[in-house]
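Student: Just so it is clear, I am handing over input34.txt, which has compact mmCIF, C-alpha atoms.
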```txt
# COMPACT_ATOMS: atom_id res chain seq x y z
CA MET Q 320 0.00 0.00 0.00
CA LYS Q 321 1.28 3.45 -0.87
CA TYR Q 322 0.48 6.59 1.04
CA ALA Q 323 0.11 10.13 -0.25
CA LEU Q 324 2.74 12.38 1.22
CA SER Q 325 3.06 16.15 0.96
CA PHE Q 326 6.06 18.04 2.25
CA ALA Q 327 8.37 20.87 1.25
CA LEU Q 328 11.77 20.15 -0.24
CA ASN Q 329 14.14 23.10 -0.51
CA GLY Q 330 11.19 25.46 -0.67
CA LEU Q 331 9.21 23.49 -3.26
CA ARG Q 332 6.08 21.52 -2.50
CA VAL Q 333 6.33 17.80 -3.17
CA ASP Q 334 3.30 15.50 -3.53
CA ILE Q 335 4.24 11.88 -3.92
CA LEU Q 336 3.23 8.31 -3.07
CA VAL Q 337 5.49 6.40 -0.66
CA LYS Q 338 5.62 3.01 1.02
CA PRO Q 339 5.48 3.17 4.84
CA THR Q 340 8.90 1.52 5.15
CA ASP Q 341 10.58 3.87 2.67
CA THR Q 342 13.01 6.18 4.38
CA LEU Q 343 13.45 9.84 3.52
CA LEU Q 344 16.76 8.78 1.96
CA ASP Q 345 15.02 6.24 -0.32
CA LEU Q 346 12.52 8.92 -1.28
CA LEU Q 347 15.14 11.59 -2.02
CA ARG Q 348 17.56 9.39 -3.92
CA GLU Q 349 15.44 6.77 -5.65
CA GLN Q 350 12.18 8.61 -6.33
CA LEU Q 351 13.04 12.31 -6.44
CA ARG Q 352 16.61 11.84 -7.74
CA VAL Q 353 17.85 14.45 -5.29
CA THR Q 354 21.15 12.74 -4.61
CA SER Q 355 23.25 15.01 -2.39
CA ALA Q 356 22.37 12.97 0.70
CA LYS Q 357 24.47 9.82 0.47
CA ARG Q 358 23.74 6.27 1.55
CA GLY Q 359 26.74 5.33 3.67
CA CYS Q 360 25.72 2.93 6.42
CA ASP Q 361 21.88 3.00 6.41
CA ASP Q 362 22.35 2.63 10.17
CA GLY Q 363 22.53 6.24 11.43
CA ASP Q 364 26.23 6.11 12.21
CA CYS Q 365 28.11 7.74 9.32
CA GLY Q 366 26.21 11.01 8.85
CA ALA Q 367 26.52 11.08 5.05
CA CYS Q 368 22.73 11.31 4.69
CA THR Q 369 22.27 14.19 7.17
CA VAL Q 370 19.58 16.65 6.04
CA LEU Q 371 17.58 19.32 7.87
CA LEU Q 372 14.01 18.63 8.92
CA ASP Q 373 12.30 21.86 9.97
CA GLY Q 374 15.81 23.23 10.45
CA GLU Q 375 17.04 20.43 12.71
CA PRO Q 376 19.65 17.89 11.59
CA VAL Q 377 18.32 14.37 11.08
CA ARG Q 378 19.49 11.18 9.44
CA ALA Q 379 17.52 10.73 6.21
CA CYS Q 380 18.26 6.99 6.43
CA LEU Q 381 16.51 6.75 9.82
CA THR Q 382 13.54 8.96 8.94
CA ILE Q 383 10.48 7.02 7.83
CA ALA Q 384 9.25 8.92 4.77
CA PRO Q 385 5.57 9.43 5.72
CA THR Q 386 6.65 11.06 9.02
CA VAL Q 387 7.88 14.15 7.15
CA ALA Q 388 4.32 15.04 6.13
CA GLY Q 389 3.82 18.80 6.31
CA LYS Q 390 7.46 19.45 7.19
CA GLU Q 391 10.30 21.25 5.43
CA VAL Q 392 13.30 19.22 4.27
CA THR Q 393 16.51 21.00 3.31
CA THR Q 394 19.36 19.34 1.43
CA VAL Q 395 22.55 20.70 -0.10
CA GLU Q 396 20.55 21.41 -3.27
CA GLY Q 397 18.74 24.05 -1.20
CA LEU Q 398 21.87 25.77 0.09
CA SER Q 399 23.07 27.73 -2.92
CA LYS Q 400 20.89 30.62 -4.01
CA GLU Q 401 20.76 31.98 -7.56
CA GLY Q 402 23.89 30.14 -8.56
CA LYS Q 403 25.89 31.50 -5.62
CA LEU Q 404 27.42 29.07 -3.17
CA HIS Q 405 26.38 29.20 0.47
CA PRO Q 406 29.18 30.63 2.66
CA LEU Q 407 29.76 27.15 4.12
CA GLN Q 408 30.09 25.62 0.65
CA LYS Q 409 32.53 28.35 -0.31
CA SER Q 410 34.54 27.90 2.85
CA PHE Q 411 34.66 24.10 2.52
CA HIS Q 412 35.98 24.65 -1.02
CA GLU Q 413 38.56 27.22 0.05
CA HIS Q 414 39.80 25.10 2.96
CA ALA Q 415 39.91 21.90 0.87
CA ALA Q 416 37.56 20.39 3.45
CA SER Q 417 36.74 17.42 1.26
CA GLN Q 418 38.70 14.85 -0.69
CA CYS Q 419 36.46 12.21 -2.21
CA GLY Q 420 33.44 14.33 -1.28
CA PHE Q 421 31.14 11.51 -0.19
CA CYS Q 422 30.69 12.86 3.35
CA THR Q 423 30.61 16.53 2.31
CA PRO Q 424 26.84 17.04 1.83
CA GLY Q 425 26.18 15.59 5.30
CA MET Q 426 29.02 17.65 6.76
CA LEU Q 427 27.58 20.82 5.21
CA MET Q 428 24.08 20.20 6.56
CA SER Q 429 25.40 19.44 10.06
CA ALA Q 430 27.58 22.54 9.94
CA LYS Q 431 24.58 24.64 8.87
CA ALA Q 432 22.50 23.23 11.72
CA LEU Q 433 25.29 24.10 14.16
CA LEU Q 434 25.80 27.67 12.97
CA ASP Q 435 22.05 28.37 12.72
CA LYS Q 436 21.77 27.58 16.45
CA ASN Q 437 25.16 28.72 17.62
CA PRO Q 438 26.75 31.33 15.29
CA ASN Q 439 29.96 31.51 17.33
CA PRO Q 440 30.81 27.98 18.44
CA THR Q 441 34.05 27.15 20.21
CA ARG Q 442 36.39 24.63 18.60
CA GLU Q 443 35.21 22.04 21.15
CA GLU Q 444 31.57 22.73 20.31
CA ILE Q 445 32.31 22.30 16.60
CA VAL Q 446 34.19 19.04 17.17
CA GLU Q 447 31.44 17.68 19.40
CA PHE Q 448 28.63 18.66 17.05
CA MET Q 449 30.39 17.30 13.97
CA SER Q 450 31.25 14.00 15.70
CA GLY Q 451 28.25 12.42 13.98
CA ASN Q 452 29.75 12.94 10.52
CA LEU Q 453 32.48 10.51 9.59
CA CYS Q 454 35.08 11.17 6.88
CA ARG Q 455 37.23 8.30 5.69
CA CYS Q 456 39.60 10.66 3.88
CA GLY Q 457 40.35 12.34 7.20
CA THR Q 458 39.43 15.94 6.42
CA TYR Q 459 38.33 16.65 9.99
CA GLU Q 460 40.85 19.45 10.65
CA GLU Q 461 39.93 21.24 7.41
CA VAL Q 462 36.22 20.86 8.20
CA VAL Q 463 36.70 22.50 11.61
CA GLU Q 464 38.75 25.29 10.04
CA ALA Q 465 36.14 25.85 7.32
CA ILE Q 466 33.36 26.16 9.90
CA GLN Q 467 35.45 28.42 12.13
CA ALA Q 468 36.15 30.67 9.15
CA VAL Q 469 32.44 31.11 8.41
CA ALA Q 470 31.64 31.70 12.09
CA SER Q 471 34.27 34.41 12.39
CA GLY Q 472 33.23 36.00 9.09
CA ARG Q 473 36.58 35.35 7.42
CA MET R 8 6.12 -8.32 -0.94
CA ARG R 9 3.83 -7.83 2.02
CA ASP R 10 1.75 -4.69 2.32
CA VAL R 11 2.61 -2.48 5.25
CA SER R 12 0.00 -0.25 6.84
CA TYR R 13 0.87 3.12 8.32
CA PHE R 14 -1.03 5.06 10.95
CA ALA R 15 -0.16 8.47 12.37
CA PRO R 16 -2.82 9.13 15.02
CA THR R 17 -3.02 12.53 16.66
CA GLU R 18 -4.45 11.51 20.03
CA VAL R 19 -3.34 8.96 22.62
CA GLY R 20 -6.85 7.51 22.71
CA GLU R 21 -6.74 6.85 18.99
CA ALA R 22 -3.25 5.30 19.26
CA VAL R 23 -4.16 2.83 22.02
CA LYS R 24 -7.30 1.86 20.12
CA LEU R 25 -5.14 0.96 17.12
CA LEU R 26 -2.76 -0.94 19.43
CA ALA R 27 -5.74 -2.84 20.87
CA GLU R 28 -6.82 -3.72 17.35
CA TYR R 29 -3.45 -4.76 15.92
CA GLY R 30 -1.58 -5.88 19.08
CA GLU R 31 1.61 -7.73 18.25
CA ARG R 32 1.20 -6.96 14.55
CA ALA R 33 1.78 -3.27 15.29
CA THR R 34 5.24 -1.71 15.56
CA VAL R 35 5.34 1.58 17.42
CA LEU R 36 7.54 4.18 15.73
CA ALA R 37 8.72 7.23 17.66
CA GLY R 38 12.11 8.69 16.65
CA GLY R 39 13.03 5.52 14.80
CA THR R 40 16.76 5.71 15.53
CA ASP R 41 16.81 2.18 16.97
CA LEU R 42 13.93 0.80 14.93
CA VAL R 43 14.64 1.95 11.36
CA PRO R 44 18.12 0.34 11.08
CA ARG R 45 16.39 -2.99 11.75
CA ILE R 46 13.91 -2.26 8.96
CA ASN R 47 16.71 -1.14 6.61
CA TYR R 48 18.63 -4.36 7.27
CA TYR R 49 15.53 -6.56 6.92
CA GLU R 50 15.81 -7.78 10.51
CA LEU R 51 12.31 -6.48 11.10
CA ARG R 52 9.45 -6.53 8.60
CA PRO R 53 6.68 -4.50 10.19
CA GLU R 54 3.10 -5.22 9.27
CA VAL R 55 1.60 -2.11 10.82
CA LEU R 56 3.67 0.99 11.57
CA LEU R 57 2.13 3.21 14.23
CA TYR R 58 3.84 6.59 14.31
CA ILE R 59 3.39 8.34 17.67
CA GLY R 60 5.26 11.55 16.85
CA GLY R 61 1.96 13.36 16.30
CA LEU R 62 0.41 12.58 19.71
CA GLY R 63 1.68 15.74 21.36
CA LEU R 64 3.83 13.78 23.81
CA ASP R 65 6.74 16.19 23.45
CA TYR R 66 6.95 18.23 26.67
CA ILE R 67 8.85 18.72 29.92
CA ARG R 68 6.97 20.17 32.88
CA GLU R 69 7.57 20.57 36.59
CA GLU R 70 4.60 19.37 38.68
CA ASP R 71 4.31 18.38 42.35
CA GLU R 72 8.05 17.95 43.01
CA LYS R 73 8.40 15.94 39.80
CA LEU R 74 9.55 16.40 36.26
CA VAL R 75 6.82 15.18 33.94
CA ILE R 76 8.27 14.27 30.57
CA GLY R 77 6.25 13.26 27.50
CA ALA R 78 7.36 9.90 26.15
CA ALA R 79 8.06 11.30 22.67
CA THR R 80 10.28 14.11 23.96
CA PRO R 81 13.49 14.02 21.93
CA MET R 82 16.96 13.79 23.46
CA ALA R 83 17.84 17.20 22.00
CA ARG R 84 15.03 18.80 23.99
CA LEU R 85 16.10 17.05 27.21
CA ALA R 86 19.69 18.06 26.53
CA ALA R 87 18.80 21.72 25.94
CA SER R 88 16.26 22.07 28.76
CA ASP R 89 17.31 24.46 31.53
CA LEU R 90 14.74 22.81 33.78
CA VAL R 91 16.28 19.35 33.35
CA ALA R 92 19.83 20.70 33.64
CA GLU R 93 18.96 22.47 36.88
CA LYS R 94 16.74 19.84 38.53
CA ALA R 95 18.10 16.56 37.18
CA SER R 96 21.59 17.24 35.85
CA ALA R 97 22.53 13.56 35.43
CA LEU R 98 19.59 13.09 33.07
CA ALA R 99 20.56 16.17 31.06
CA LYS R 100 24.14 14.93 30.83
CA ALA R 101 23.06 11.47 29.70
CA ALA R 102 20.81 12.99 27.01
CA ARG R 103 23.64 15.25 25.80
CA GLN R 104 25.94 12.23 25.40
CA CYS R 105 23.40 10.09 23.57
CA GLY R 106 24.34 9.48 19.94
CA SER R 107 25.13 12.45 17.73
CA ALA R 108 23.30 15.75 17.18
CA ALA R 109 21.22 14.30 14.33
CA ILE R 110 20.28 11.27 16.44
CA ARG R 111 19.28 13.47 19.38
CA THR R 112 16.92 15.46 17.14
CA THR R 113 14.65 12.44 16.76
CA ALA R 114 15.57 9.81 19.40
CA THR R 115 13.05 9.95 22.25
CA ILE R 116 13.12 9.23 25.98
CA GLY R 117 10.29 6.71 25.60
CA GLY R 118 12.06 4.94 22.76
CA ASN R 119 15.30 4.82 24.72
CA LEU R 120 13.42 2.93 27.45
CA ALA R 121 11.11 0.79 25.29
CA ASN R 122 14.05 -0.39 23.19
CA ALA R 123 15.45 -1.79 26.45
CA SER R 124 19.06 -1.81 25.38
CA PRO R 125 21.35 -2.70 28.30
CA ALA R 126 23.34 0.32 27.04
CA SER R 127 20.38 2.73 27.31
CA ASP R 128 21.86 6.11 28.20
CA LEU R 129 18.84 7.40 30.11
CA ALA R 130 18.08 4.29 32.17
CA PRO R 131 20.87 4.67 34.79
CA PRO R 132 19.99 8.27 35.72
CA LEU R 133 16.27 7.47 35.72
CA LEU R 134 16.95 4.46 37.98
CA VAL R 135 18.81 6.49 40.60
CA MET R 136 16.07 9.14 40.54
CA GLY R 137 13.34 6.55 41.06
CA ALA R 138 11.48 7.45 37.87
CA GLU R 139 8.11 5.95 36.98
CA LEU R 140 6.57 5.21 33.60
CA ARG R 141 2.92 5.96 32.87
CA LEU R 142 1.61 3.31 30.49
CA ALA R 143 -1.66 3.52 28.61
CA SER R 144 -3.77 0.96 26.79
CA ALA R 145 -7.40 0.80 25.75
CA ARG R 146 -7.94 -1.38 28.88
CA GLU R 147 -6.23 0.59 31.62
CA GLN R 148 -3.65 3.11 32.70
CA ARG R 149 -0.86 1.83 34.90
CA VAL R 150 2.34 3.00 36.54
CA VAL R 151 5.56 0.99 36.44
CA ALA R 152 8.77 1.97 38.20
CA VAL R 153 11.79 2.08 35.89
CA LYS R 154 13.46 -0.49 38.14
CA ASP R 155 10.65 -2.97 37.36
CA PHE R 156 10.38 -2.12 33.66
CA PHE R 157 13.26 -4.05 32.07
CA THR R 158 13.17 -7.85 31.94
CA GLY R 159 16.05 -8.60 29.55
CA PRO R 160 17.94 -7.25 26.54
CA GLY R 161 15.23 -5.70 24.34
CA GLU R 162 12.54 -6.95 26.71
CA THR R 163 10.24 -5.08 29.06
CA VAL R 164 6.96 -5.53 30.92
CA LEU R 165 5.25 -3.42 28.24
CA LYS R 166 2.33 -5.40 26.77
CA PRO R 167 1.69 -5.45 22.99
CA ASP R 168 -1.30 -3.12 23.39
CA GLU R 169 0.45 -0.67 25.71
CA LEU R 170 2.16 2.63 25.03
CA ILE R 171 4.55 4.59 27.24
CA VAL R 172 2.87 7.96 27.62
CA GLU R 173 4.84 9.85 30.26
CA ILE R 174 7.89 9.54 32.45
CA HIS R 175 7.65 10.97 35.95
CA VAL R 176 10.94 11.85 37.59
CA PRO R 177 10.84 12.83 41.28
CA LEU R 178 13.11 15.85 41.72
CA PRO R 179 16.24 14.17 43.05
CA LYS R 180 17.44 14.90 46.56
CA GLY R 181 21.17 15.27 46.94
CA LYS R 182 23.62 15.27 44.07
CA THR R 183 23.38 13.17 40.92
CA VAL R 184 26.27 12.28 38.63
CA PHE R 185 26.31 10.44 35.28
CA LEU R 186 29.49 9.13 33.69
CA LYS R 187 29.81 7.18 30.46
CA LEU R 188 32.74 5.42 28.87
CA GLY R 189 32.61 4.70 25.14
CA ARG R 190 35.14 3.85 22.50
CA ARG R 191 35.28 7.51 21.53
CA LYS R 192 34.25 10.71 23.24
CA ALA R 193 31.07 11.36 21.28
CA GLN R 194 28.50 9.51 19.15
CA THR R 195 29.25 6.26 20.89
CA LEU R 196 27.41 3.48 22.64
CA SER R 197 28.52 3.04 26.22
CA LEU R 198 30.96 0.26 27.12
CA THR R 199 29.89 1.02 30.63
CA SER R 200 27.95 3.84 32.21
CA VAL R 201 27.10 4.78 35.76
CA ALA R 202 24.68 7.07 37.52
CA VAL R 203 24.80 7.80 41.24
CA ARG R 204 22.74 9.89 43.61
CA LEU R 205 24.06 10.69 47.06
CA GLU R 206 22.38 12.54 49.89
CA MET R 207 25.17 13.75 52.12
CA ASP R 208 25.13 15.19 55.62
CA GLY R 209 28.65 16.55 55.84
CA LYS R 210 30.83 13.52 55.20
CA VAL R 211 28.10 11.05 56.11
CA CYS R 212 26.09 9.47 53.33
CA ASP R 213 22.40 9.58 54.33
CA ASP R 214 21.15 7.85 51.21
CA ALA R 215 22.71 6.36 48.10
CA ARG R 216 21.59 5.12 44.71
CA ILE R 217 23.91 3.49 42.21
CA ALA R 218 22.97 2.23 38.74
CA LEU R 219 25.02 0.73 35.93
CA GLY R 220 24.50 0.56 32.17
CA SER R 221 25.98 -1.98 29.73
CA MET R 222 26.99 -4.17 32.68
CA ALA R 223 24.14 -6.71 32.78
CA PRO R 224 21.24 -7.94 30.60
CA THR R 225 19.28 -4.91 31.84
CA PRO R 226 20.23 -1.53 33.30
CA LEU R 227 21.05 -2.41 36.90
CA ARG R 228 20.50 -0.96 40.40
CA CYS R 229 23.32 -2.00 42.76
CA THR R 230 21.43 -2.22 46.05
CA LYS R 231 24.11 -4.14 47.99
CA ALA R 232 26.73 -1.54 47.19
CA GLU R 233 24.25 1.20 48.17
CA GLY R 234 23.72 -0.54 51.53
CA LEU R 235 27.45 -0.60 52.17
CA ILE R 236 27.78 3.19 52.28
CA LYS R 237 24.39 4.25 53.69
CA GLY R 238 24.81 5.93 57.08
CA LYS R 239 28.59 5.90 56.88
CA ALA R 240 31.22 8.59 56.55
CA LEU R 241 32.63 8.40 53.04
CA ASP R 242 36.33 8.34 52.32
CA ARG R 243 38.34 7.11 49.37
CA ALA R 244 38.83 3.63 50.83
CA LEU R 245 35.08 3.10 51.41
CA ILE R 246 34.29 4.47 47.95
CA ALA R 247 36.74 2.00 46.40
CA GLU R 248 35.16 -0.86 48.34
CA CYS R 249 31.68 0.26 47.31
CA ALA R 250 32.70 0.49 43.63
CA THR R 251 34.09 -3.05 43.74
CA LYS R 252 30.90 -4.29 45.35
CA ALA R 253 28.69 -2.53 42.79
CA VAL R 254 30.53 -4.14 39.90
CA ALA R 255 30.40 -7.51 41.70
CA GLU R 256 26.61 -7.27 41.37
CA SER R 257 26.91 -6.86 37.59
CA ASN R 258 27.18 -9.49 34.90
CA PRO R 259 28.68 -7.94 31.76
CA ILE R 260 29.31 -9.80 28.54
CA ASP R 261 32.07 -9.97 25.93
CA ASP R 262 30.87 -8.38 22.71
CA GLN R 263 32.25 -6.49 19.73
CA ARG R 264 32.54 -3.30 21.80
CA ALA R 265 34.46 -4.59 24.83
CA THR R 266 35.24 -7.66 26.92
CA ALA R 267 33.52 -8.37 30.23
CA TRP R 268 36.95 -8.07 31.89
CA TYR R 269 37.43 -4.56 30.50
CA ARG R 270 33.90 -3.53 31.46
CA LYS R 271 34.47 -4.64 35.07
CA LYS R 272 37.83 -2.87 35.31
CA THR R 273 36.58 0.39 33.85
CA GLY R 274 33.19 0.10 35.54
CA THR R 275 34.84 -0.06 38.95
CA ALA R 276 36.86 3.06 38.20
CA LEU R 277 33.79 4.84 36.84
CA VAL R 278 31.64 4.07 39.91
CA ALA R 279 34.41 5.25 42.25
CA ARG R 280 34.81 8.45 40.25
CA ALA R 281 31.07 9.12 40.21
CA LEU R 282 30.72 8.51 43.95
CA ALA R 283 33.67 10.80 44.70
CA GLN R 284 32.18 13.53 42.51
CA ALA R 285 28.76 13.22 44.13
CA ALA R 286 30.29 13.24 47.63
CA GLY R 287 32.61 16.13 46.84
CA ILE R 288 35.73 14.07 47.54
CA GLU R 289 38.80 14.27 45.32
CA SER R 290 39.25 10.88 43.70
```
Please lay out the structure from this file as structure tokens.
Tutor:
Amino acid sequence: MKYALSFALNGLRVDILVKPTDTLLDLLREQLRVTSAKRGCDDGDCGACTVLLDGEPVRACLTIAPTVAGKEVTTVEGLSKEGKLHPLQKSFHEHAASQCGFCTPGMLMSAKALLDKNPNPTREEIVEFMSGNLCRCGTYEEVVEAIQAVASGR
Amino acid sequence: MRDVSYFAPTEVGEAVKLLAEYGERATVLAGGTDLVPRINYYELRPEVLLYIGGLGLDYIREEDEKLVIGAATPMARLAASDLVAEKASALAKAARQCGSAAIRTTATIGGNLANASPASDLAPPLLVMGAELRLASAREQRVVAVKDFFTGPGETVLKPDELIVEIHVPLPKGKTVFLKLGRRKAQTLSLTSVAVRLEMDGKVCDDARIALGSMAPTPLRCTKAEGLIKGKALDRALIAECATKAVAESNPIDDQRATAWYRKKTGTALVARALAQAAGIES
């Protein structure tokens, strides 16, 4: 049985049919072809599928699709405006805060969630908040520096 | 492929009616952080998904010397609550150390208990504070103490038609401390965790509660160790003896996260440290 689901994705209204056991990640990647959120572990551990749900960071892989009814989902596709990169995207680029790039969309969404709540985090606060986003290339230092640069307006 | 039904009721009455109708065929979904991995990995094939995130069970209130917490209150809200931090700091600390930021957005206090993991982060602090669960079904409402709730790994006294609605936490007397050891500092399951609550009169311990996580098939109250220090003046030697006794009451296992040997060694150190902190003694 499929269920009608309406929600907002990056400011656009989406009406679609989903199975109750589809996750938001299945919906984004397989049905909507919005592929910035990555399927790393499907277990909530790696953070590569992190998106914002009503502004709060969540794991798309752990979010049952019909539960986002009436809510606003934001992915990396919603970060840049009119062809201009979001300051975090720009800073990640300038600080070489990604290598293979697989973790980067999740990192960006977590970083946005952090700075939206806490515009001037300490290094410890950044490290703690970003602990849920794993990077196998080991770009952690560059990620912290990129976030610090945005926070301090550099 | 089997058809799965999905319900998202908006009232507790409606939810328990659905539970009465579907019973064991229904799977209750709150934050989903423990449940959805099992669906993703085909360990669980739900027939009926009952989403309780729309029941309005997301609140923290102070009432009659108690914190009253809605069962669907997320960890992030517990972690950010000034009320919880001020009145039940061990609970706030446990919530702050649960999973990662994105997990805490959705993971709920009720789910953390209903999932009945021996490594539940909230169970040890709730045990030392003598918390009670309010359960609802279409038949009755009942109250179960957290200490009577767990029956084994993943098992509780919750019946198939029952829902955890609220958690009542008596405002703790004395000082509470929560300490957790994982394989890393953050986003980690506990290898061992401990909560203590001490009521001190100068150096004398008037009352003591000690609870361990990840050290037995269920979160564990260590009543013998509590008895050892009640009514006595605490010093480092007695604290060390008490910590040894607490861990002697436990029954940890070897698993992929740690050996039983390591859990006992570190658990003893953790209990001693928590007791010293709660008693205001340098450890």
Student: I'd like a table as JSON lines: residues in chain Q with an atom no more than 7 Å from chain R, each row giving the shortest atom pair and its distance in Å to one decimal, only C-alpha atoms counted, sorted by chain and rising residue number.
Tutor:
```
{"residue": "Q:Met320", "atom": "CA", "partner": "R:Asp10", "partner_atom": "CA", "distance": 5.5}
{"residue": "Q:Pro339", "atom": "CA", "partner": "R:Tyr13", "partner_atom": "CA", "distance": 5.8}
{"residue": "Q:Asp361", "atom": "CA", "partner": "R:Pro44", "partner_atom": "CA", "distance": 6.6}
{"residue": "Q:Asp362", "atom": "CA", "partner": "R:Pro44", "partner_atom": "CA", "distance": 4.9}
{"residue": "Q:Glu375", "atom": "CA", "partner": "R:Thr112", "partner_atom": "CA", "distance": 6.7}
{"residue": "Q:Pro376", "atom": "CA", "partner": "R:Ala109", "partner_atom": "CA", "distance": 4.8}
{"residue": "Q:Val377", "atom": "CA", "partner": "R:Ala109", "partner_atom": "CA", "distance": 4.4}
{"residue": "Q:Arg378", "atom": "CA", "partner": "R:Ala109", "partner_atom": "CA", "distance": 6.1}
{"residue": "Q:Leu381", "atom": "CA", "partner": "R:Val43", "partner_atom": "CA", "distance": 5.4}
{"residue": "Q:Thr382", "atom": "CA", "partner": "R:Gly39", "partner_atom": "CA", "distance": 6.8}
{"residue": "Q:Glu447", "atom": "CA", "partner": "R:Ala193", "partner_atom": "CA", "distance": 6.6}
{"residue": "Q:Phe448", "atom": "CA", "partner": "R:Ala108", "partner_atom": "CA", "distance": 6.1}
{"residue": "Q:Ser450", "atom": "CA", "partner": "R:Ala193", "partner_atom": "CA", "distance": 6.2}
{"residue": "Q:Gly451", "atom": "CA", "partner": "R:Ser107", "partner_atom": "CA", "distance": 4.9}
```
Student: Calculate how many Å separate atom CA of Leu186 of chain R from atom CA of Val201 of chain R, rounding to one decimal.
Tutor: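 Those two atoms sit 5.4 Å apart.
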Student: Between R:Arg146, R:Lys100, R:Arg228, R:Lys239, which one has atoms that come closest to Arg216 of chain R, using all atoms listed in the file?
Tutor: R:Arg228
Student: Let me make sure I understand: among Q:Gln350, Q:Pro385, Q:Asn329, Q:Leu371, which one has the smallest atom-to-atom distance to Lys400 of chain Q if we use all atoms listed in the file?
Tutor: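 Ranked by minimum distance to Lys400 of chain Q, first place goes to Q:Asn329.
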Student: Using all atoms listed in the file, which residues sit within 9 Å of Cys365 of chain Q once same-chain residues fewer than 5 positions away are excluded, as a list in words?
Tutor: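 Within the cut-off, the hits are Gly359, Cys360, Cys422, Gly451, Asn452, Leu453 and Cys454 of chain Q.
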Student: Would you output that residue set with C-alpha atoms, as a PDB file, in the frame of the given file?
Tutor:
```
ATOM      1  CA  GLY Q 359      26.740   5.330   3.670  1.00  0.00           C
ATOM      2  CA  CYS Q 360      25.720   2.930   6.420  1.00  0.00           C
ATOM      3  CA  CYS Q 422      30.690  12.860   3.350  1.00  0.00           C
ATOM      4  CA  GLY Q 451      28.250  12.420  13.980  1.00  0.00           C
ATOM      5  CA  ASN Q 452      29.750  12.940  10.520  1.00  0.00           C
ATOM      6  CA  LEU Q 453      32.480  10.510   9.590  1.00  0.00           C
ATOM      7  CA  CYS Q 454      35.080  11.170   6.880  1.00  0.00           C
TER       8      CYS Q 454
END
```
Student: Rank nothing, just name the residue among R:Val23, R:Pro125, R:Thr115, R:Ala247 nearest to Ser200 of chain R, using only C-alpha atoms.
Tutor: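 For Ser200 of chain R, the nearest of the candidates is R:Pro125.
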Student: Counting all atoms listed in the file, which of Q:Glu460, Q:Glu396, Q:Asp435, Q:Glu413 gets nearest to Arg352 of chain Q?
Tutor: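 Using all atoms listed in the file, the shortest distance to Arg352 of chain Q belongs to Q:Glu396.
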Student: Need to verify the contact set: Glu93 of chain R, 12 Å, all atoms listed in the file, exclusion of same-chain residues closer than 4 positions in sequence. Can you return it as a tab-separated table (two decimals) with C-alpha atoms, in the coordinates of the input?
Tutor:
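Generated file (result23.tsv):
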```tsv
chain	number	residue	atom	x	y	z
R	69	GLU	CA	7.57	20.57	36.59
R	74	LEU	CA	9.55	16.40	36.26
R	85	LEU	CA	16.10	17.05	27.21
R	86	ALA	CA	19.69	18.06	26.53
R	87	ALA	CA	18.80	21.72	25.94
R	88	SER	CA	16.26	22.07	28.76
R	89	ASP	CA	17.31	24.46	31.53
R	97	ALA	CA	22.53	13.56	35.43
R	98	LEU	CA	19.59	13.09	33.07
R	99	ALA	CA	20.56	16.17	31.06
R	100	LYS	CA	24.14	14.93	30.83
R	178	LEU	CA	13.11	15.85	41.72
R	179	PRO	CA	16.24	14.17	43.05
R	182	LYS	CA	23.62	15.27	44.07
R	183	THR	CA	23.38	13.17	40.92
```
Student: I'd like the contact shell of Val278 of chain R - 8 Å cut-off, all atoms listed in the file, skipping same-chain residues fewer than 5 positions apart - returned as JSON, numbers by chain.
Tutor: {"R": [201, 202, 203, 250, 253]}
Student: Given the point (30.2, 17.8, 10.6) in the coordinates of this file, which residues lie within 10 Å, counting only C-alpha atoms, and how would they look as a PyMOL selection string?
Tutor: (chain Q and resi 366-367+369+422-433+445-454+459+462-463+466) or (chain R and resi 108)
Student: Can you tell me how far atom CA of Ser325 of chain Q sits from atom CA of Val395 of chain Q, in Å to one decimal?
Tutor: 20.0 Å
Student: Which is closer to Asp364 of chain Q than all the others in Q:Ser399, Q:Pro440, Q:Phe421, Q:Cys380, using only C-alpha atoms?
Tutor: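 Checking each candidate against Asp364 of chain Q, we get Q:Cys380 as the closest.
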Student: I'd like the interatomic distance between atom CA of Glu401 of chain Q and atom CA of Leu331 of chain Q, to a tenth of an Å.
Tutor: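 Interatomic distance here is 15.0 Å.
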Student: Excluding Lys409 of chain Q and residues on its chain fewer than 5 positions from it, collect all residues at most 12 Å away from it, counting only C-alpha atoms, and give them as a list in words.
Tutor: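 My reading of the contact set: Leu398, Ser399, Lys403, Leu404, His414, Ala415, Ala416, Ser417, Leu427, Val462, Ala465, Ile466, Ala468, Val469 and Arg473 of chain Q.
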Student: In terms of the shortest atom-to-atom distance over only C-alpha atoms, which of Q:Leu351, Q:Ala379, Q:Val333, Q:Gly457 is closest to Gly363 of chain Q?
Tutor: Q:Ala379
